[in-house]
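Content type compact mmCIF, C-alpha atoms and all ligand atoms, from the file coords29.txt:
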```txt
# COMPACT_ATOMS: atom_id res chain seq x y z
CA MET I 1 0.00 0.00 0.00
CA ALA I 2 1.37 3.41 -0.84
CA ARG I 3 0.79 6.77 0.74
CA ASN I 4 1.96 10.28 0.03
CA GLY I 5 5.13 10.54 2.07
CA ASN I 6 5.10 14.28 2.72
CA SER I 7 2.42 14.23 5.33
CA GLY I 8 4.28 13.78 8.64
CA ALA I 9 3.13 11.11 11.06
CA PRO I 10 0.04 10.54 13.20
CA GLU I 11 0.39 11.75 16.78
CA LEU I 12 -3.09 10.68 17.80
CA MET I 13 -5.33 7.82 16.77
CA VAL I 14 -9.09 8.28 16.68
CA LEU I 15 -10.81 4.91 16.54
CA MET I 16 -14.37 5.19 15.25
CA ARG I 17 -17.08 2.76 16.28
CA SER I 18 -17.70 0.00 13.75
CA THR I 19 -21.23 1.42 13.49
CA ALA I 20 -20.05 5.00 12.78
CA SER I 21 -21.65 6.58 9.71
CA SER I 22 -19.63 8.20 6.96
CA ASP I 23 -21.07 11.57 8.06
CA GLU I 24 -19.64 11.00 11.54
CA VAL I 25 -16.23 10.12 10.03
CA ASP I 26 -16.40 13.20 7.78
CA HIS I 27 -17.28 15.39 10.76
CA ILE I 28 -14.15 14.28 12.66
CA VAL I 29 -11.97 14.73 9.57
CA GLY I 30 -13.48 18.22 9.13
CA LEU I 31 -12.66 19.17 12.72
CA ILE I 32 -9.07 17.99 12.26
CA GLN I 33 -8.63 19.95 9.05
CA GLU I 34 -10.22 23.11 10.48
CA SER I 35 -7.65 23.05 13.27
CA GLY I 36 -4.88 23.08 10.66
CA ALA I 37 -3.86 19.47 11.35
CA GLY I 38 -3.89 16.63 8.80
CA ALA I 39 -6.08 13.53 8.80
CA HIS I 40 -5.14 10.06 7.58
CA VAL I 41 -8.18 7.83 7.19
CA ASP I 42 -7.65 4.06 7.23
CA GLN I 43 -10.57 1.80 6.43
CA SER I 44 -8.70 -1.48 6.07
CA GLY I 45 -10.24 -2.93 9.23
CA GLU I 46 -13.74 -3.33 10.62
CA ALA I 47 -13.75 0.17 12.07
CA THR I 48 -12.36 3.37 10.57
CA VAL I 49 -9.15 4.67 12.11
CA ILE I 50 -8.27 8.35 11.74
CA GLY I 51 -4.68 9.41 12.32
CA VAL I 52 -4.26 13.03 13.37
CA ILE I 53 -1.11 14.55 11.94
CA GLY I 54 0.29 17.76 13.37
CA GLN I 55 1.87 19.37 16.44
CA ARG I 56 1.24 17.38 19.59
CA ALA I 57 0.13 20.39 21.70
CA GLN I 58 -2.29 21.65 19.05
CA ILE I 59 -3.81 18.19 18.57
CA ALA I 60 -4.16 17.49 22.29
CA ALA I 61 -6.68 20.33 22.57
CA LEU I 62 -9.06 18.85 19.99
CA PRO I 63 -12.30 17.65 21.61
CA PHE I 64 -12.85 14.25 19.97
CA GLU I 65 -13.78 12.26 23.04
CA GLY I 66 -17.53 11.73 23.33
CA LEU I 67 -18.32 12.95 19.82
CA PRO I 68 -20.83 10.83 17.85
CA GLY I 69 -19.22 7.75 16.32
CA VAL I 70 -15.98 8.02 18.32
CA GLU I 71 -15.00 4.86 20.19
CA ARG I 72 -11.59 5.81 21.59
CA VAL I 73 -8.79 8.38 21.27
CA VAL I 74 -5.22 7.18 21.79
CA PRO I 75 -2.10 9.40 21.81
CA LEU I 76 0.73 7.68 19.89
CA ARG I 77 3.70 8.28 22.15
CA LYS I 78 6.21 5.84 20.66
CA GLY I 79 8.82 6.93 18.13
CA PHE I 80 7.39 4.66 15.44
CA LYS I 81 3.89 5.61 14.31
CA TRP I 82 2.90 4.35 10.85
CA VAL I 83 4.19 0.85 11.57
CA SER I 84 2.78 0.60 15.10
CA ARG I 85 -0.01 -1.74 16.08
CA GLU I 86 -1.14 0.95 18.47
CA TYR I 87 -2.10 2.96 15.38
CA LEU I 88 -3.40 0.12 13.18
CA ASP I 89 -4.42 -2.99 15.06
CA ARG I 90 -4.45 -5.38 12.13
CA ASP I 91 -2.16 -7.92 10.45
CA THR I 92 -0.88 -6.23 7.32
CA VAL I 93 -0.79 -8.58 4.36
CA ILE I 94 1.81 -7.82 1.72
CA ASP I 95 1.49 -8.94 -1.86
CA ILE I 96 4.60 -9.98 -3.78
CA CYS I 97 3.53 -10.77 -7.35
CA GLY I 98 0.37 -12.44 -6.05
CA ARG I 99 2.06 -14.26 -3.14
CA LYS I 100 0.66 -12.96 0.13
CA VAL I 101 2.70 -12.55 3.33
CA GLY I 102 1.06 -11.90 6.73
CA GLY I 103 -2.07 -12.97 8.56
CA ARG I 104 -2.75 -16.59 7.59
CA HIS I 105 -0.32 -16.40 4.65
CA PHE I 106 3.14 -17.79 5.38
CA ALA I 107 6.08 -17.00 3.10
CA LEU I 108 8.72 -19.67 2.64
CA MET I 109 11.55 -17.89 0.84
CA ALA I 110 14.59 -19.90 -0.16
CA GLY I 111 17.55 -19.90 -2.47
CA PRO I 112 21.31 -19.50 -2.50
CA CYS I 113 23.28 -17.09 -0.38
CA ALA I 114 24.70 -15.69 -3.61
CA VAL I 115 23.92 -15.89 -7.30
CA GLU I 116 27.03 -17.63 -8.64
CA SER I 117 26.00 -18.58 -12.17
CA TYR I 118 22.93 -18.99 -14.33
CA GLU I 119 23.01 -22.79 -14.01
CA GLN I 120 23.39 -22.75 -10.21
CA THR I 121 20.56 -20.24 -9.78
CA LEU I 122 18.24 -22.04 -12.19
CA GLN I 123 18.78 -25.36 -10.39
CA ALA I 124 18.22 -23.71 -6.99
CA ALA I 125 15.02 -22.08 -8.29
CA LYS I 126 13.68 -25.33 -9.77
CA ASP I 127 14.32 -27.02 -6.43
CA VAL I 128 12.58 -24.24 -4.46
CA LYS I 129 9.63 -24.44 -6.82
CA ALA I 130 9.42 -28.24 -6.63
CA ALA I 131 9.67 -28.14 -2.84
CA GLY I 132 6.73 -25.72 -2.66
CA GLY I 133 8.56 -22.51 -1.71
CA THR I 134 7.12 -19.02 -2.15
CA LEU I 135 9.97 -17.04 -3.60
CA LEU I 136 13.61 -17.31 -4.72
CA ARG I 137 16.28 -15.43 -2.79
CA GLY I 138 19.78 -14.78 -4.08
CA GLY I 139 22.42 -12.18 -3.33
CA ALA I 140 23.85 -10.26 -6.27
CA PHE I 141 25.60 -7.64 -4.12
CA LYS I 142 27.19 -9.46 -1.19
CA PRO I 143 28.22 -7.70 2.04
CA ARG I 144 31.34 -9.74 2.90
CA SER I 145 33.53 -9.28 5.97
CA SER I 146 36.61 -9.57 3.79
CA PRO I 147 37.05 -7.23 0.82
CA TYR I 148 38.93 -10.09 -0.88
CA ALA I 149 36.03 -12.57 -0.65
CA PHE I 150 33.51 -13.11 -3.48
CA GLN I 151 31.45 -9.91 -3.66
CA GLY I 152 28.63 -11.18 -5.88
CA LEU I 153 27.97 -10.86 -9.62
CA GLY I 154 26.38 -7.41 -9.34
CA VAL I 155 24.03 -6.40 -12.16
CA ARG I 156 24.73 -9.68 -13.99
CA GLY I 157 23.37 -11.43 -10.88
CA LEU I 158 20.17 -9.37 -11.08
CA GLU I 159 19.73 -10.36 -14.73
CA ILE I 160 20.17 -14.02 -13.82
CA LEU I 161 17.60 -13.77 -11.01
CA SER I 162 15.13 -12.09 -13.32
CA ALA I 163 15.57 -14.69 -16.09
CA VAL I 164 15.32 -17.59 -13.64
CA GLY I 165 12.28 -16.04 -11.99
CA GLN I 166 10.54 -15.86 -15.33
CA GLU I 167 11.52 -19.38 -16.23
CA THR I 168 10.20 -20.90 -12.99
CA GLY I 169 7.38 -18.45 -12.22
CA LEU I 170 8.88 -17.61 -8.81
CA PRO I 171 9.13 -14.01 -7.58
CA VAL I 172 12.74 -13.06 -6.80
CA ALA I 173 14.38 -11.21 -3.91
CA THR I 174 17.80 -9.68 -3.52
CA GLU I 175 19.76 -7.39 -1.21
CA LEU I 176 20.29 -3.73 -2.02
CA MET I 177 23.42 -2.30 -0.43
CA ASP I 178 23.82 0.96 -2.31
CA ALA I 179 21.21 3.42 -3.60
CA ARG I 180 23.27 3.71 -6.81
CA ASP I 181 22.13 0.19 -7.70
CA LEU I 182 18.45 0.93 -7.14
CA GLU I 183 17.49 1.32 -10.79
CA PRO I 184 18.57 -2.15 -12.02
CA VAL I 185 17.27 -3.71 -8.80
CA LEU I 186 13.84 -2.17 -9.39
CA GLU I 187 13.91 -3.41 -12.96
CA HIS I 188 14.71 -7.05 -12.17
CA ILE I 189 13.62 -7.78 -8.60
CA ASP I 190 10.23 -8.31 -6.89
CA LEU I 191 11.25 -7.96 -3.22
CA ILE I 192 14.19 -5.81 -2.15
CA TRP I 193 15.88 -6.58 1.12
CA ILE I 194 18.12 -4.45 3.29
CA GLY I 195 20.72 -6.58 5.02
CA ALA I 196 21.67 -6.53 8.68
CA ARG I 197 24.71 -4.36 8.00
CA ASN I 198 22.59 -1.62 6.42
CA MET I 199 19.59 -1.65 8.75
CA ALA I 200 20.55 1.76 10.07
CA ASN I 201 21.51 3.26 6.70
CA PHE I 202 18.76 5.85 7.01
CA ASN I 203 19.28 7.47 3.61
CA LEU I 204 18.96 4.09 1.92
CA LEU I 205 15.81 3.36 3.96
CA SER I 206 14.24 6.69 2.98
CA GLU I 207 15.10 5.99 -0.65
CA LEU I 208 13.19 2.69 -0.46
CA GLY I 209 10.29 4.50 1.16
CA ARG I 210 9.76 6.32 -2.11
CA VAL I 211 9.62 3.25 -4.36
CA ARG I 212 6.61 1.09 -5.13
CA LYS I 213 8.12 -2.30 -4.34
CA PRO I 214 7.90 -4.48 -1.22
CA VAL I 215 10.88 -4.20 1.10
CA MET I 216 12.27 -6.64 3.64
CA LEU I 217 14.25 -5.17 6.47
CA LYS I 218 16.69 -7.42 8.32
CA ARG I 219 17.51 -6.66 11.92
CA GLY I 220 21.00 -5.31 12.49
CA MET I 221 23.18 -7.73 14.44
CA SER I 222 23.48 -5.22 17.27
CA ALA I 223 20.13 -3.51 16.89
CA THR I 224 17.37 -3.57 19.46
CA VAL I 225 13.81 -4.42 18.49
CA GLU I 226 12.93 -0.75 18.85
CA GLU I 227 15.75 0.27 16.52
CA LEU I 228 14.44 -2.21 13.93
CA LEU I 229 10.98 -0.68 14.24
CA MET I 230 12.40 2.82 13.89
CA ALA I 231 14.26 1.71 10.76
CA ALA I 232 10.96 0.43 9.35
CA GLU I 233 9.39 3.78 10.21
CA TYR I 234 12.00 5.49 7.99
CA VAL I 235 10.65 3.48 5.05
CA ALA I 236 6.98 3.88 5.99
CA LYS I 237 7.33 7.62 6.62
CA GLU I 238 8.11 8.18 2.95
CA GLY I 239 4.95 6.36 1.88
CA ASN I 240 5.97 2.74 1.26
CA GLU I 241 4.22 0.54 3.83
CA ASP I 242 4.93 -2.79 2.13
CA ILE I 243 7.56 -3.76 4.66
CA ILE I 244 8.46 -7.19 6.04
CA LEU I 245 10.66 -7.37 9.12
CA CYS I 246 13.24 -10.13 9.52
CA GLU I 247 14.87 -11.46 12.68
CA ARG I 248 18.22 -13.03 11.69
CA GLY I 249 20.06 -13.38 14.98
CA ILE I 250 21.97 -10.91 17.10
CA ARG I 251 25.52 -10.83 18.35
CA THR I 252 25.91 -12.06 21.92
CA PHE I 253 28.77 -13.62 23.90
CA GLU I 254 27.66 -17.05 22.66
CA ARG I 255 29.83 -18.58 19.94
CA SER I 256 28.21 -22.00 19.40
CA THR I 257 25.86 -20.50 16.82
CA ARG I 258 26.88 -17.83 14.30
CA PHE I 259 24.39 -15.38 15.85
CA THR I 260 21.88 -15.82 18.68
CA LEU I 261 18.43 -16.14 17.18
CA ASP I 262 16.22 -13.85 19.25
CA ILE I 263 13.04 -15.93 19.34
CA GLY I 264 11.53 -13.53 21.85
CA ALA I 265 11.73 -10.75 19.27
CA ILE I 266 9.03 -12.48 17.21
CA PRO I 267 6.12 -12.12 19.68
CA VAL I 268 7.47 -8.74 20.81
CA LEU I 269 7.50 -7.44 17.23
CA LYS I 270 4.07 -8.94 16.51
CA ALA I 271 2.71 -7.05 19.52
CA GLU I 272 4.35 -3.75 18.52
CA THR I 273 3.72 -3.68 14.78
CA HIS I 274 1.12 -4.70 12.24
CA LEU I 275 3.86 -5.60 9.72
CA PRO I 276 4.69 -9.25 8.92
CA VAL I 277 7.69 -10.68 10.79
CA ILE I 278 9.80 -13.41 9.23
CA VAL I 279 12.90 -15.27 10.40
CA ASP I 280 16.22 -16.16 8.77
CA PRO I 281 17.35 -19.31 10.61
CA SER I 282 20.33 -19.82 8.26
CA HIS I 283 22.47 -16.83 9.21
CA ALA I 284 21.63 -17.31 12.90
CA ALA I 285 22.57 -21.00 12.77
CA GLY I 286 25.71 -20.79 10.69
CA LYS I 287 25.64 -24.61 10.46
CA ARG I 288 23.33 -26.85 8.44
CA PRO I 289 22.07 -29.14 11.25
CA LEU I 290 20.84 -26.15 13.29
CA VAL I 291 18.74 -24.56 10.54
CA ALA I 292 15.63 -26.77 10.82
CA PRO I 293 15.38 -26.64 14.65
CA LEU I 294 15.61 -22.83 14.60
CA ALA I 295 13.04 -22.69 11.79
CA ARG I 296 10.65 -24.86 13.83
CA ALA I 297 11.07 -22.56 16.81
CA ALA I 298 10.35 -19.52 14.63
CA VAL I 299 7.15 -21.05 13.28
CA ALA I 300 6.05 -22.02 16.79
CA ALA I 301 6.72 -18.46 18.01
CA GLY I 302 4.38 -17.02 15.38
CA ALA I 303 6.63 -15.96 12.50
CA ASP I 304 4.92 -15.03 9.23
CA GLY I 305 7.63 -16.58 7.10
CA LEU I 306 11.15 -17.94 6.76
CA ILE I 307 14.05 -17.07 4.51
CA VAL I 308 16.34 -20.07 4.18
CA GLU I 309 19.59 -20.49 2.28
CA THR I 310 19.51 -23.43 -0.12
CA HIS I 311 22.07 -24.37 -2.77
CA PRO I 312 22.29 -27.22 -5.32
CA ASN I 313 25.79 -28.02 -4.09
CA PRO I 314 26.33 -26.33 -0.71
CA GLU I 315 29.83 -27.72 -0.11
CA HIS I 316 31.05 -25.79 -3.14
CA ALA I 317 29.14 -22.56 -2.46
CA LEU I 318 31.18 -19.37 -2.87
CA SER I 319 29.77 -17.98 0.40
CA ASP I 320 28.18 -19.40 3.55
CA ALA I 321 28.94 -23.00 2.51
CA ALA I 322 28.46 -24.39 6.04
CA GLN I 323 24.89 -23.19 6.51
CA GLN I 324 23.19 -23.67 3.13
CA LEU I 325 20.81 -26.62 2.85
CA PRO I 326 21.00 -28.88 -0.22
CA SER I 327 18.21 -27.53 -2.41
CA GLY I 328 17.50 -30.97 -3.90
CA SER I 329 16.13 -32.24 -0.58
CA PHE I 330 14.40 -29.03 0.52
CA GLY I 331 10.97 -30.62 0.05
CA GLY I 332 11.27 -32.47 3.37
CA PHE I 333 11.95 -29.22 5.20
CA VAL I 334 8.93 -27.56 3.57
CA ARG I 335 6.61 -30.45 4.47
CA GLU I 336 7.78 -30.33 8.07
CA MET I 337 7.05 -26.60 8.30
CA GLU I 338 3.69 -27.14 6.65
CA GLN I 339 2.67 -29.58 9.38
CA LEU I 340 3.58 -27.09 12.09
CA LEU I 341 1.80 -24.25 10.29
CA ALA I 342 -1.41 -26.28 10.09
CA VAL I 343 -1.67 -26.03 13.89
CA ASP I 344 -2.13 -22.26 13.54
CA GLY I 345 -4.31 -22.55 10.43
CA LYS I 346 -1.62 -20.98 8.25
CA THR I 347 -0.69 -22.01 4.72
CA ILE I 348 2.40 -21.44 2.61
CA SER I 349 1.81 -18.86 -0.16
CA ARG I 350 2.72 -20.14 -3.58
C1 LIG I 401 21.82 -12.50 3.44
O1 LIG I 401 20.65 -12.79 3.73
O2 LIG I 401 22.33 -12.81 2.35
C2 LIG I 401 22.64 -11.80 4.42
C3 LIG I 401 23.83 -11.31 4.09
O3 LIG I 401 22.11 -11.74 5.66
P1 LIG I 401 22.36 -10.67 6.83
O4 LIG I 401 22.25 -9.31 6.20
O5 LIG I 401 21.25 -10.96 7.78
O6 LIG I 401 23.71 -10.96 7.39
MN MN I 402 24.49 -15.86 3.33
```
Spit out the file's structure as C-alpha cells when you get a sec.
Amino acid sequence: MARNGNSGAPELMVLMRSTASSDEVDHIVGLIQESGAGAHVDQSGEATVIGVIGQRAQIAALPFEGLPGVERVVPLRKGFKWVSREYLDRDTVIDICGRKVGGRHFALMAGPCAVESYEQTLQAAKDVKAAGGTLLRGGAFKPRSSPYAFQGLGVRGLEILSAVGQETGLPVATELMDARDLEPVLEHIDLIWIGARNMANFNLLSELGRVRKPVMLKRGMSATVEELLMAAEYVAKEGNEDIILCERGIRTFERSTRFTLDIGAIPVLKAETHLPVIVDPSHAAGKRPLVAPLARAAVAAGADGLIVETHPNPEHALSDAAQQLPSGSFGGFVREMEQLLAVDGKTISR
C-alpha cells in the first residue's frame, strides 16, 4: 500500500465505532482539518481509524472524546507511528507478485546465499519451486567481511535472477546495499531486502520509502527491536508501507551459533507492529544441522515466514557454505514446516 510521504506522522489515533456513519467520520476529519492538522483515514479494518497529523500540543486540545461515532482516542507516544499496532491494530498482508505474506499467509523464501552462475541459480530455483517454496532469494551484491572474498555478480546477478524467476514463475528477492544500484534492482527484482549491516543506513531506507516495491528489512546484528521498528518507520514515513521485518540473529557472547536467534523478538514485534515478521534461521545457525530446529522454533513463536539459504551443491558454495541446505532435498523441510503451520491454520503462499 502506498501513501503520500510528505504528510508527517500521526500523533493521535481516533478509533471510530464499527457502526459510525460516513457523516460521523467526515465530521471528525473536518474538525481535524479546520484546526490546521492533517487527517489520515484508514478503512482497512472493521472500524475506521483516523490518524491526526500535526503538532502534539495543538492536537491534544481537539475535543474528539464523546463525539458521535468516536469509540476511543489514543495518543501515539512511541517513536514509530505508521508501523505501530497501536495505530493500526491489524495484520498487514503484503502482496509480492500475487504471493501474500502476513495474517494466515506464510512466506517460505529460499535460495542461494549468492547468485554464482545462471546454471546454479536455475537449479536452486527449480528445487525451491518443486519443494513448494514461495519465492527465490539470491544475493547479487554481497556484504562480505573480507574485501577479498567473493562480492557477488552485481548487475549480472540481477539479470540471472530475473531470467530464472521468469523461467520458474517464482518471484525473486535480492539485497540492495547501495542506492546507486536501485534502478537495475527495481527493474529485475520483486522484493528488495536491506541486510543486517545496512539496517541503520537511514538514507537508503528513505530511498526505499519512495519506491513502489515491497521491502524486507533485516535486523542489524546489534540492533534492538525498537531500533528495527524505527528503521521500518524510515521506510513507511516516505509512503511505502509494504515492509516485512526479519529477525536473523543478534551478536551475543555465545559462539556455538553464528548469531543468537532472538526468538523472543518475534512475539514482541508482533505485539508492537502490524507488519509481517519473518525469520532467517540460516544466518543465525551458521551450520546446516541447526537450521531446521531454529526454523521450527520460529514457526512455533508465530513468524509469518522464513528465509532459508539453499544451494544445489552447498559444499562448493562461494559464500556461507556451512549453513546452506542442499536444495535438492528441501521438500522435506517444507513439508515439516507445513505440518507445524497447520496447527495455527496458516498455509504457505505459492
Ligand atoms: C543474506 O541474507 O544474504 C545476508 C547477508 O544476511 P544478513 O544481512 O542478515 O547478514
Ligand atoms: Mn548468506
If you count only C-alpha atoms, which residues fall within 10 Å of segment 210-217 of chain I, apart from same-chain ones fewer than 2 positions away, as a tab-separated table (two decimals) with C-alpha atoms, keeping the file's coordinate frame?
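And here's part.tsv as it stands now:
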```tsv
chain	number	residue	atom	x	y	z
I	1	MET	CA	0.00	0.00	0.00
I	2	ALA	CA	1.37	3.41	-0.84
I	3	ARG	CA	0.79	6.77	0.74
I	4	ASN	CA	1.96	10.28	0.03
I	5	GLY	CA	5.13	10.54	2.07
I	94	ILE	CA	1.81	-7.82	1.72
I	95	ASP	CA	1.49	-8.94	-1.86
I	96	ILE	CA	4.60	-9.98	-3.78
I	97	CYS	CA	3.53	-10.77	-7.35
I	173	ALA	CA	14.38	-11.21	-3.91
I	174	THR	CA	17.80	-9.68	-3.52
I	175	GLU	CA	19.76	-7.39	-1.21
I	176	LEU	CA	20.29	-3.73	-2.02
I	182	LEU	CA	18.45	0.93	-7.14
I	186	LEU	CA	13.84	-2.17	-9.39
I	189	ILE	CA	13.62	-7.78	-8.60
I	190	ASP	CA	10.23	-8.31	-6.89
I	191	LEU	CA	11.25	-7.96	-3.22
I	192	ILE	CA	14.19	-5.81	-2.15
I	193	TRP	CA	15.88	-6.58	1.12
I	194	ILE	CA	18.12	-4.45	3.29
I	195	GLY	CA	20.72	-6.58	5.02
I	196	ALA	CA	21.67	-6.53	8.68
I	198	ASN	CA	22.59	-1.62	6.42
I	199	MET	CA	19.59	-1.65	8.75
I	205	LEU	CA	15.81	3.36	3.96
I	206	SER	CA	14.24	6.69	2.98
I	207	GLU	CA	15.10	5.99	-0.65
I	208	LEU	CA	13.19	2.69	-0.46
I	219	ARG	CA	17.51	-6.66	11.92
I	220	GLY	CA	21.00	-5.31	12.49
I	228	LEU	CA	14.44	-2.21	13.93
I	229	LEU	CA	10.98	-0.68	14.24
I	231	ALA	CA	14.26	1.71	10.76
I	232	ALA	CA	10.96	0.43	9.35
I	235	VAL	CA	10.65	3.48	5.05
I	236	ALA	CA	6.98	3.88	5.99
I	237	LYS	CA	7.33	7.62	6.62
I	238	GLU	CA	8.11	8.18	2.95
I	239	GLY	CA	4.95	6.36	1.88
I	240	ASN	CA	5.97	2.74	1.26
I	241	GLU	CA	4.22	0.54	3.83
I	242	ASP	CA	4.93	-2.79	2.13
I	243	ILE	CA	7.56	-3.76	4.66
I	244	ILE	CA	8.46	-7.19	6.04
I	245	LEU	CA	10.66	-7.37	9.12
I	246	CYS	CA	13.24	-10.13	9.52
I	247	GLU	CA	14.87	-11.46	12.68
I	276	PRO	CA	4.69	-9.25	8.92
I	277	VAL	CA	7.69	-10.68	10.79
I	278	ILE	CA	9.80	-13.41	9.23
```
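Among I:Tyr234, I:Phe333, I:Phe202, I:Phe64, the residue with the shortest atom-to-atom distance to Val308 of chain I, counting all atoms listed in the file, is I:Phe333.
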Find the residues of chain I that sit at most 12 Å from ligand MN 402 (chain I); for each, write down the nearest two atoms and how far apart they are in Å, to one decimal. Count only C-alpha atoms and all ligand atoms. Sort by chain, then by number going up, and give it as JSON lines.
```
{"residue": "I:Ala110", "atom": "CA", "partner": "I:MN402", "partner_atom": "MN", "distance": 11.2}
{"residue": "I:Gly111", "atom": "CA", "partner": "I:MN402", "partner_atom": "MN", "distance": 9.9}
{"residue": "I:Pro112", "atom": "CA", "partner": "I:MN402", "partner_atom": "MN", "distance": 7.6}
{"residue": "I:Cys113", "atom": "CA", "partner": "I:MN402", "partner_atom": "MN", "distance": 4.1}
{"residue": "I:Ala114", "atom": "CA", "partner": "I:MN402", "partner_atom": "MN", "distance": 6.9}
{"residue": "I:Val115", "atom": "CA", "partner": "I:MN402", "partner_atom": "MN", "distance": 10.6}
{"residue": "I:Arg137", "atom": "CA", "partner": "I:MN402", "partner_atom": "MN", "distance": 10.2}
{"residue": "I:Gly138", "atom": "CA", "partner": "I:MN402", "partner_atom": "MN", "distance": 8.8}
{"residue": "I:Gly139", "atom": "CA", "partner": "I:MN402", "partner_atom": "MN", "distance": 7.9}
{"residue": "I:Ala140", "atom": "CA", "partner": "I:MN402", "partner_atom": "MN", "distance": 11.1}
{"residue": "I:Phe141", "atom": "CA", "partner": "I:MN402", "partner_atom": "MN", "distance": 11.1}
{"residue": "I:Lys142", "atom": "CA", "partner": "I:MN402", "partner_atom": "MN", "distance": 8.3}
{"residue": "I:Pro143", "atom": "CA", "partner": "I:MN402", "partner_atom": "MN", "distance": 9.1}
{"residue": "I:Arg144", "atom": "CA", "partner": "I:MN402", "partner_atom": "MN", "distance": 9.2}
{"residue": "I:Ser145", "atom": "CA", "partner": "I:MN402", "partner_atom": "MN", "distance": 11.5}
{"residue": "I:Phe150", "atom": "CA", "partner": "I:MN402", "partner_atom": "MN", "distance": 11.6}
{"residue": "I:Gln151", "atom": "CA", "partner": "I:MN402", "partner_atom": "MN", "distance": 11.5}
{"residue": "I:Gly152", "atom": "CA", "partner": "I:MN402", "partner_atom": "MN", "distance": 11.1}
{"residue": "I:Thr174", "atom": "CA", "partner": "I:MN402", "partner_atom": "MN", "distance": 11.4}
{"residue": "I:Glu175", "atom": "CA", "partner": "I:MN402", "partner_atom": "MN", "distance": 10.7}
{"residue": "I:Gly195", "atom": "CA", "partner": "I:MN402", "partner_atom": "MN", "distance": 10.2}
{"residue": "I:Ala196", "atom": "CA", "partner": "I:MN402", "partner_atom": "MN", "distance": 11.1}
{"residue": "I:Arg248", "atom": "CA", "partner": "I:MN402", "partner_atom": "MN", "distance": 10.8}
{"residue": "I:Arg258", "atom": "CA", "partner": "I:MN402", "partner_atom": "MN", "distance": 11.4}
{"residue": "I:Asp280", "atom": "CA", "partner": "I:MN402", "partner_atom": "MN", "distance": 9.9}
{"residue": "I:Pro281", "atom": "CA", "partner": "I:MN402", "partner_atom": "MN", "distance": 10.8}
{"residue": "I:Ser282", "atom": "CA", "partner": "I:MN402", "partner_atom": "MN", "distance": 7.6}
{"residue": "I:His283", "atom": "CA", "partner": "I:MN402", "partner_atom": "MN", "distance": 6.3}
{"residue": "I:Ala284", "atom": "CA", "partner": "I:MN402", "partner_atom": "MN", "distance": 10.1}
{"residue": "I:Ala285", "atom": "CA", "partner": "I:MN402", "partner_atom": "MN", "distance": 10.9}
{"residue": "I:Gly286", "atom": "CA", "partner": "I:MN402", "partner_atom": "MN", "distance": 8.9}
{"residue": "I:Lys287", "atom": "CA", "partner": "I:MN402", "partner_atom": "MN", "distance": 11.3}
{"residue": "I:Ile307", "atom": "CA", "partner": "I:MN402", "partner_atom": "MN", "distance": 10.6}
{"residue": "I:Val308", "atom": "CA", "partner": "I:MN402", "partner_atom": "MN", "distance": 9.2}
{"residue": "I:Glu309", "atom": "CA", "partner": "I:MN402", "partner_atom": "MN", "distance": 6.8}
{"residue": "I:Thr310", "atom": "CA", "partner": "I:MN402", "partner_atom": "MN", "distance": 9.7}
{"residue": "I:His311", "atom": "CA", "partner": "I:MN402", "partner_atom": "MN", "distance": 10.7}
{"residue": "I:Pro314", "atom": "CA", "partner": "I:MN402", "partner_atom": "MN", "distance": 11.4}
{"residue": "I:Ala317", "atom": "CA", "partner": "I:MN402", "partner_atom": "MN", "distance": 10.0}
{"residue": "I:Leu318", "atom": "CA", "partner": "I:MN402", "partner_atom": "MN", "distance": 9.8}
{"residue": "I:Ser319", "atom": "CA", "partner": "I:MN402", "partner_atom": "MN", "distance": 6.4}
{"residue": "I:Asp320", "atom": "CA", "partner": "I:MN402", "partner_atom": "MN", "distance": 5.1}
{"residue": "I:Ala321", "atom": "CA", "partner": "I:MN402", "partner_atom": "MN", "distance": 8.5}
{"residue": "I:Ala322", "atom": "CA", "partner": "I:MN402", "partner_atom": "MN", "distance": 9.8}
{"residue": "I:Gln323", "atom": "CA", "partner": "I:MN402", "partner_atom": "MN", "distance": 8.0}
{"residue": "I:Gln324", "atom": "CA", "partner": "I:MN402", "partner_atom": "MN", "distance": 7.9}
{"residue": "I:Leu325", "atom": "CA", "partner": "I:MN402", "partner_atom": "MN", "distance": 11.4}
```
Counting all atoms listed in the file, what is within 8 Å of Ile250 of chain I, bar same-chain residues fewer than 4 positions away, as a list in words? Gly220, Met221, Ser222, Ala223, Phe259, Thr260, Leu261, Asp262 and Ala284 of chain I
Show which residues sit within 9 Å of segment 36-41 of chain I, as a PyMOL selection string. Count only C-alpha atoms, and ignore same-chain residues fewer than 2 positions away. chain I and resi 7-8+10+25+28-34+43+48-55+58-59
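The shell of residues at most 6 Å from Ser162 of chain I, with all atoms listed in the file counted and near chain neighbours (fewer than 3 positions) removed, consists of Glu159, Gly165 and His188 of chain I.
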Writer output for current selection, C-alpha atoms, as a PDB file, keeping the file's coordinate frame:
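Once everything was written out, this is result.pdb:
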```pdb
ATOM      1  CA  GLU I 159      19.730 -10.360 -14.730  1.00  0.00           C
ATOM      2  CA  GLY I 165      12.280 -16.040 -11.990  1.00  0.00           C
ATOM      3  CA  HIS I 188      14.710  -7.050 -12.170  1.00  0.00           C
TER       4      HIS I 188
END
```
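Applying the 9 Å criterion to (11.0, -15.5, -11.2) in file coordinates and using only C-alpha atoms, one obtains the residues Ala125, Leu135, Leu136, Leu161, Ser162, Ala163, Val164, Gly165, Gln166, Glu167, Thr168, Gly169, Leu170, Pro171, Val172, Ile189 and Asp190 of chain I.
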Shell around Val343 of chain I at 12 Å using all atoms listed in the file, local window under 5 positions removed, as a PyMOL selection string: chain I and resi 104+299-300+302+336-338
